[in-house]
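Enquirer: Structure supplied as final22.csv; contents: CSV, C-alpha atoms.
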```csv
chain,number,residue,atom,x,y,z
A,1,MET,CA,-5.5,35.8,-11.9
A,2,SER,CA,-3.7,36.7,-8.7
A,3,ARG,CA,-2.7,40.1,-7.7
A,4,VAL,CA,-0.4,41.8,-5.2
A,5,TYR,CA,-1.9,44.9,-3.8
A,6,PHE,CA,0.0,47.9,-2.5
A,7,HIS,CA,-2.1,50.2,-0.3
A,8,SER,CA,-1.1,53.7,0.8
A,9,PRO,CA,-3.0,56.7,2.3
A,10,SER,CA,-3.2,58.1,-1.2
A,11,GLY,CA,-4.5,55.0,-3.1
A,12,THR,CA,-4.0,51.4,-4.1
A,13,ALA,CA,-1.8,49.9,-6.8
A,14,GLU,CA,-1.8,46.3,-7.9
A,15,LEU,CA,0.9,44.1,-9.4
A,16,LEU,CA,-0.4,41.4,-11.7
A,17,GLY,CA,0.3,37.8,-10.8
A,18,ALA,CA,2.5,37.4,-13.9
A,19,GLU,CA,4.8,39.9,-12.4
A,20,ARG,CA,5.1,37.9,-9.2
A,21,ALA,CA,6.0,34.9,-11.4
A,22,HIS,CA,8.6,37.2,-13.2
A,23,ALA,CA,10.0,38.1,-9.7
A,24,GLY,CA,10.5,34.4,-9.0
A,25,ILE,CA,12.2,33.7,-12.3
A,26,VAL,CA,14.6,36.7,-11.8
A,27,PHE,CA,15.6,35.8,-8.3
A,28,ARG,CA,15.9,32.1,-9.1
A,29,ASN,CA,18.2,32.8,-12.1
A,30,VAL,CA,20.4,35.1,-10.0
A,31,ALA,CA,20.6,32.5,-7.2
A,32,LEU,CA,21.4,29.6,-9.6
A,33,GLY,CA,24.1,31.8,-11.3
A,34,ALA,CA,25.7,32.5,-7.9
A,35,LEU,CA,25.5,28.9,-6.8
A,36,GLY,CA,27.0,27.7,-10.1
A,37,ALA,CA,29.9,30.2,-10.0
A,38,PHE,CA,33.2,29.8,-8.3
A,39,HIS,CA,32.9,26.0,-7.7
A,40,HIS,CA,29.8,26.4,-5.5
A,41,ARG,CA,28.1,24.1,-7.9
A,42,GLU,CA,30.3,21.2,-6.8
A,43,ARG,CA,29.5,21.9,-3.2
A,44,LEU,CA,25.8,22.0,-4.0
A,45,LEU,CA,26.0,18.7,-5.7
A,46,GLU,CA,27.5,17.2,-2.6
A,47,LEU,CA,24.4,18.2,-0.7
A,48,VAL,CA,22.0,16.3,-2.9
A,49,ASN,CA,20.4,13.5,-0.9
A,50,PRO,CA,21.6,10.2,-2.4
A,51,ASN,CA,18.1,8.7,-1.8
A,52,HIS,CA,16.4,11.5,-3.8
A,53,ASP,CA,15.4,10.9,-7.4
A,54,MET,CA,17.6,13.7,-8.6
A,55,ALA,CA,20.7,11.8,-7.3
A,56,ARG,CA,19.7,8.6,-9.0
A,57,HIS,CA,19.2,10.2,-12.4
A,58,ARG,CA,22.5,12.1,-12.6
A,59,THR,CA,25.0,10.9,-15.1
A,60,ASP,CA,28.1,12.8,-16.2
A,61,GLY,CA,27.0,12.8,-19.9
A,62,GLU,CA,23.7,14.5,-18.9
A,63,MET,CA,25.2,17.0,-16.5
A,64,VAL,CA,23.8,20.2,-18.2
A,65,THR,CA,20.3,18.8,-18.3
A,66,TRP,CA,20.6,17.5,-14.8
A,67,ALA,CA,21.8,20.9,-13.5
A,68,HIS,CA,18.7,22.5,-15.2
A,69,TRP,CA,16.4,20.1,-13.5
A,70,LEU,CA,18.2,20.6,-10.2
A,71,GLY,CA,17.4,24.3,-10.5
A,72,THR,CA,13.8,23.5,-11.0
A,73,ALA,CA,13.7,21.0,-8.2
A,74,LEU,CA,15.3,23.6,-5.8
A,75,PHE,CA,12.8,26.3,-6.8
A,76,THR,CA,9.9,24.0,-6.0
A,77,ASP,CA,11.4,22.3,-2.9
A,78,ARG,CA,9.6,23.7,0.1
A,79,GLY,CA,11.0,21.1,2.5
A,80,GLY,CA,9.0,18.7,4.6
A,81,THR,CA,9.0,15.8,2.1
A,82,ALA,CA,9.8,12.2,3.0
A,83,THR,CA,12.9,12.4,0.9
A,84,PRO,CA,14.5,15.9,1.0
A,85,LEU,CA,16.4,17.0,-2.0
A,86,LEU,CA,19.3,18.6,-0.1
A,87,VAL,CA,20.8,17.4,3.2
A,88,HIS,CA,23.5,19.2,5.2
A,89,ARG,CA,25.0,17.5,8.2
A,90,GLY,CA,22.0,15.2,8.4
A,91,ALA,CA,19.4,18.0,8.3
A,92,PRO,CA,17.1,18.7,5.3
A,93,VAL,CA,17.7,22.0,3.5
A,94,ASN,CA,14.7,23.9,2.1
A,95,GLY,CA,15.7,24.4,-1.5
A,96,ALA,CA,13.4,27.4,-2.2
A,97,LEU,CA,14.8,29.2,0.9
A,98,LEU,CA,18.3,28.4,-0.2
A,99,LEU,CA,17.6,30.1,-3.5
A,100,ALA,CA,15.9,33.1,-1.9
A,101,ASN,CA,18.7,33.6,0.6
A,102,THR,CA,21.3,33.3,-2.1
A,103,ALA,CA,19.6,35.9,-4.3
A,104,ILE,CA,19.3,38.3,-1.3
A,105,ALA,CA,23.0,37.8,-0.6
A,106,ALA,CA,24.3,38.0,-4.1
A,107,GLY,CA,21.7,40.2,-5.9
A,108,SER,CA,21.3,43.9,-6.4
A,109,ASP,CA,18.8,46.0,-4.3
A,110,ALA,CA,16.2,45.4,-7.1
A,111,VAL,CA,16.8,41.7,-7.0
A,112,ARG,CA,16.4,41.8,-3.2
A,113,VAL,CA,13.1,43.6,-3.5
A,114,LEU,CA,11.8,41.1,-6.1
A,115,THR,CA,12.9,38.2,-3.9
A,116,ARG,CA,11.2,39.6,-0.8
A,117,LEU,CA,8.1,40.4,-2.9
A,118,ASP,CA,7.8,36.9,-4.2
A,119,GLN,CA,8.6,35.1,-1.0
A,120,GLN,CA,6.8,37.3,1.5
A,121,CYS,CA,3.8,38.9,-0.2
A,122,GLU,CA,1.3,36.6,1.5
A,123,ILE,CA,2.4,37.6,4.9
A,124,HIS,CA,1.9,41.3,4.2
A,125,GLY,CA,4.6,43.9,4.3
A,126,TYR,CA,4.7,47.4,5.5
A,127,VAL,CA,6.9,50.3,4.4
A,128,GLU,CA,7.0,53.3,6.7
A,129,GLY,CA,6.3,56.6,5.0
A,130,PRO,CA,9.9,58.0,5.2
A,131,ASN,CA,11.1,54.7,3.5
A,132,ARG,CA,8.7,54.8,0.6
A,133,ALA,CA,11.0,57.2,-1.4
A,134,TRP,CA,13.9,54.8,-0.8
A,135,LEU,CA,11.8,51.9,-2.1
A,136,ALA,CA,10.6,53.9,-5.1
A,137,ASP,CA,14.3,54.6,-6.0
A,138,ILE,CA,15.1,50.9,-5.9
A,139,ILE,CA,12.1,50.2,-8.1
A,140,ASP,CA,13.3,52.9,-10.6
A,141,GLN,CA,16.8,51.3,-10.6
A,142,GLY,CA,15.2,47.9,-11.3
A,143,LEU,CA,13.1,49.3,-14.1
A,144,ASP,CA,16.1,51.1,-15.6
A,145,ALA,CA,18.2,47.9,-15.5
A,146,GLY,CA,15.4,45.8,-17.1
A,147,ILE,CA,15.1,43.6,-14.0
A,148,MET,CA,11.6,44.9,-13.2
A,149,ARG,CA,8.8,45.5,-15.8
A,150,ARG,CA,6.3,48.3,-16.0
A,151,THR,CA,3.0,46.5,-15.4
A,152,LEU,CA,1.8,48.0,-12.1
A,153,ARG,CA,-1.8,49.3,-12.4
A,154,TYR,CA,-3.2,52.1,-10.4
```
Render the structure in this file as structure tokens.
Expert:
Amino acid sequence: MSRVYFHSPSGTAELLGAERAHAGIVFRNVALGALGAFHHRERLLELVNPNHDMARHRTDGEMVTWAHWLGTALFTDRGGTATPLLVHRGAPVNGALLLANTAIAAGSDAVRVLTRLDQQCEIHGYVEGPNRAWLADIIDQGLDAGIMRRTLRY
């Protein structure tokens, strides 16, 4: 099982891999909700590459199911495939980064932390000592709101 480790001068804490998966689900749902609101969904549908399998399987009668699968396809789309899912002005769009950036733009501070944690934990992160209390406050807000869960082990 994977872990995300947090090291400080006073000790180490670990976040279970299931919580990283939870972070991904939370930010994906926030992003998909933002993209689906206020007619953004129609704009997103315009970006679907007509040569991609997702475009070929869309029918008006199956729009709800198709939109669900589009969300899954965006979440797993890392770009670089022969047939990109989304194309804007002739350039491929990385679906996973679109979701992450949308969650950061539309989400609360707790959602932003979860998004950054999920998307950037492999490249390491560093929080300066004076900013640790600020980050702890955001985590407390996320816990109080039910966005984050208490599974951190010390």
Enquirer: Let me make sure I understand: among A:Val87, A:Ala34, A:Met148, A:Ile123, which one has the smallest atom-to-atom distance to Asp109 in chain A if we use all atoms listed in the file?
Expert: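 Closest to Asp109 in chain A, using all atoms listed in the file: A:Met148.
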Enquirer: What does the distance between CA of Gly129 in chain A and CA of His22 in chain A come to in Å, to one decimal place?
Expert: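 Between these atoms lies a distance of 26.7 Å.
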Enquirer: CA of Ile138 in chain A to CA of Ala110 in chain A: how many Å, to one decimal?
Expert: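 Taking CA of Ile138 in chain A as the start and CA of Ala110 in chain A as the end point, the length is 5.7 Å.
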Enquirer: What separation in Å, quoted to one decimal, exists between CA of Gln141 in chain A and CA of Thr76 in chain A?
Expert: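 Taking CA of Gln141 in chain A as the start and CA of Thr76 in chain A as the end point, the length is 28.5 Å.
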Enquirer: With a distance cut-off of 6 Å and all atoms listed in the file, select the neighbouring residues of range 99-106 of chain A, excluding the residue or stretch itself and same-chain residues fewer than 2 positions from it, and output the selection as an MDAnalysis selection string.
Expert: chainID A and resid 27 30:31 96:97 112
Enquirer: Residues of the last selection are to be written out with C-alpha atoms, as a PDB file, in the frame of the given file.
Expert:
```
ATOM      1  CA  PHE A  27      15.600  35.800  -8.300  1.00  0.00           C
ATOM      2  CA  VAL A  30      20.400  35.100 -10.000  1.00  0.00           C
ATOM      3  CA  ALA A  31      20.600  32.500  -7.200  1.00  0.00           C
ATOM      4  CA  ALA A  96      13.400  27.400  -2.200  1.00  0.00           C
ATOM      5  CA  LEU A  97      14.800  29.200   0.900  1.00  0.00           C
ATOM      6  CA  ARG A 112      16.400  41.800  -3.200  1.00  0.00           C
TER       7      ARG A 112
END
```
Enquirer: Nearest residue to Thr115 in chain A out of A:Asn29, A:Asn131, A:Thr83, A:Asn49, using only C-alpha atoms?
Expert: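 Closest residue, counting only C-alpha atoms: A:Asn29.
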Enquirer: Have a look at A:Met54, A:Leu114, A:Leu70, A:Leu47 and name the one nearest to Ile25 in chain A; count all atoms listed in the file.
Expert: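 That would be A:Leu114, the residue with the smallest distance to Ile25 in chain A.
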Enquirer: I need the residue nearest Gly146 in chain A from this list: A:Ala91, A:Leu35, A:Val26, A:Leu85. Use all atoms listed in the file for the distance.
Expert: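 Closest to Gly146 in chain A of all the choices is A:Val26.
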Enquirer: Got a sec: who's within 10 Å of range 1-7 of chain A, counting all atoms listed in the file, leaving out chain neighbours fewer than 2 positions off, as an mmCIF file with C-alpha atoms, in the coordinates of the input?
Expert:
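Output saved as out.cif:
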```cif
data_model
loop_
_atom_site.group_PDB
_atom_site.id
_atom_site.type_symbol
_atom_site.label_atom_id
_atom_site.label_comp_id
_atom_site.auth_asym_id
_atom_site.auth_seq_id
_atom_site.Cartn_x
_atom_site.Cartn_y
_atom_site.Cartn_z
ATOM 1 C CA PRO A 9 -3.000 56.700 2.300
ATOM 2 C CA SER A 10 -3.200 58.100 -1.200
ATOM 3 C CA GLY A 11 -4.500 55.000 -3.100
ATOM 4 C CA THR A 12 -4.000 51.400 -4.100
ATOM 5 C CA ALA A 13 -1.800 49.900 -6.800
ATOM 6 C CA GLU A 14 -1.800 46.300 -7.900
ATOM 7 C CA LEU A 15 0.900 44.100 -9.400
ATOM 8 C CA LEU A 16 -0.400 41.400 -11.700
ATOM 9 C CA GLY A 17 0.300 37.800 -10.800
ATOM 10 C CA ALA A 18 2.500 37.400 -13.900
ATOM 11 C CA GLU A 19 4.800 39.900 -12.400
ATOM 12 C CA ARG A 20 5.100 37.900 -9.200
ATOM 13 C CA LEU A 117 8.100 40.400 -2.900
ATOM 14 C CA ASP A 118 7.800 36.900 -4.200
ATOM 15 C CA CYS A 121 3.800 38.900 -0.200
ATOM 16 C CA GLU A 122 1.300 36.600 1.500
ATOM 17 C CA HIS A 124 1.900 41.300 4.200
ATOM 18 C CA GLY A 125 4.600 43.900 4.300
ATOM 19 C CA TYR A 126 4.700 47.400 5.500
ATOM 20 C CA LEU A 152 1.800 48.000 -12.100
ATOM 21 C CA ARG A 153 -1.800 49.300 -12.400
ATOM 22 C CA TYR A 154 -3.200 52.100 -10.400
#
```
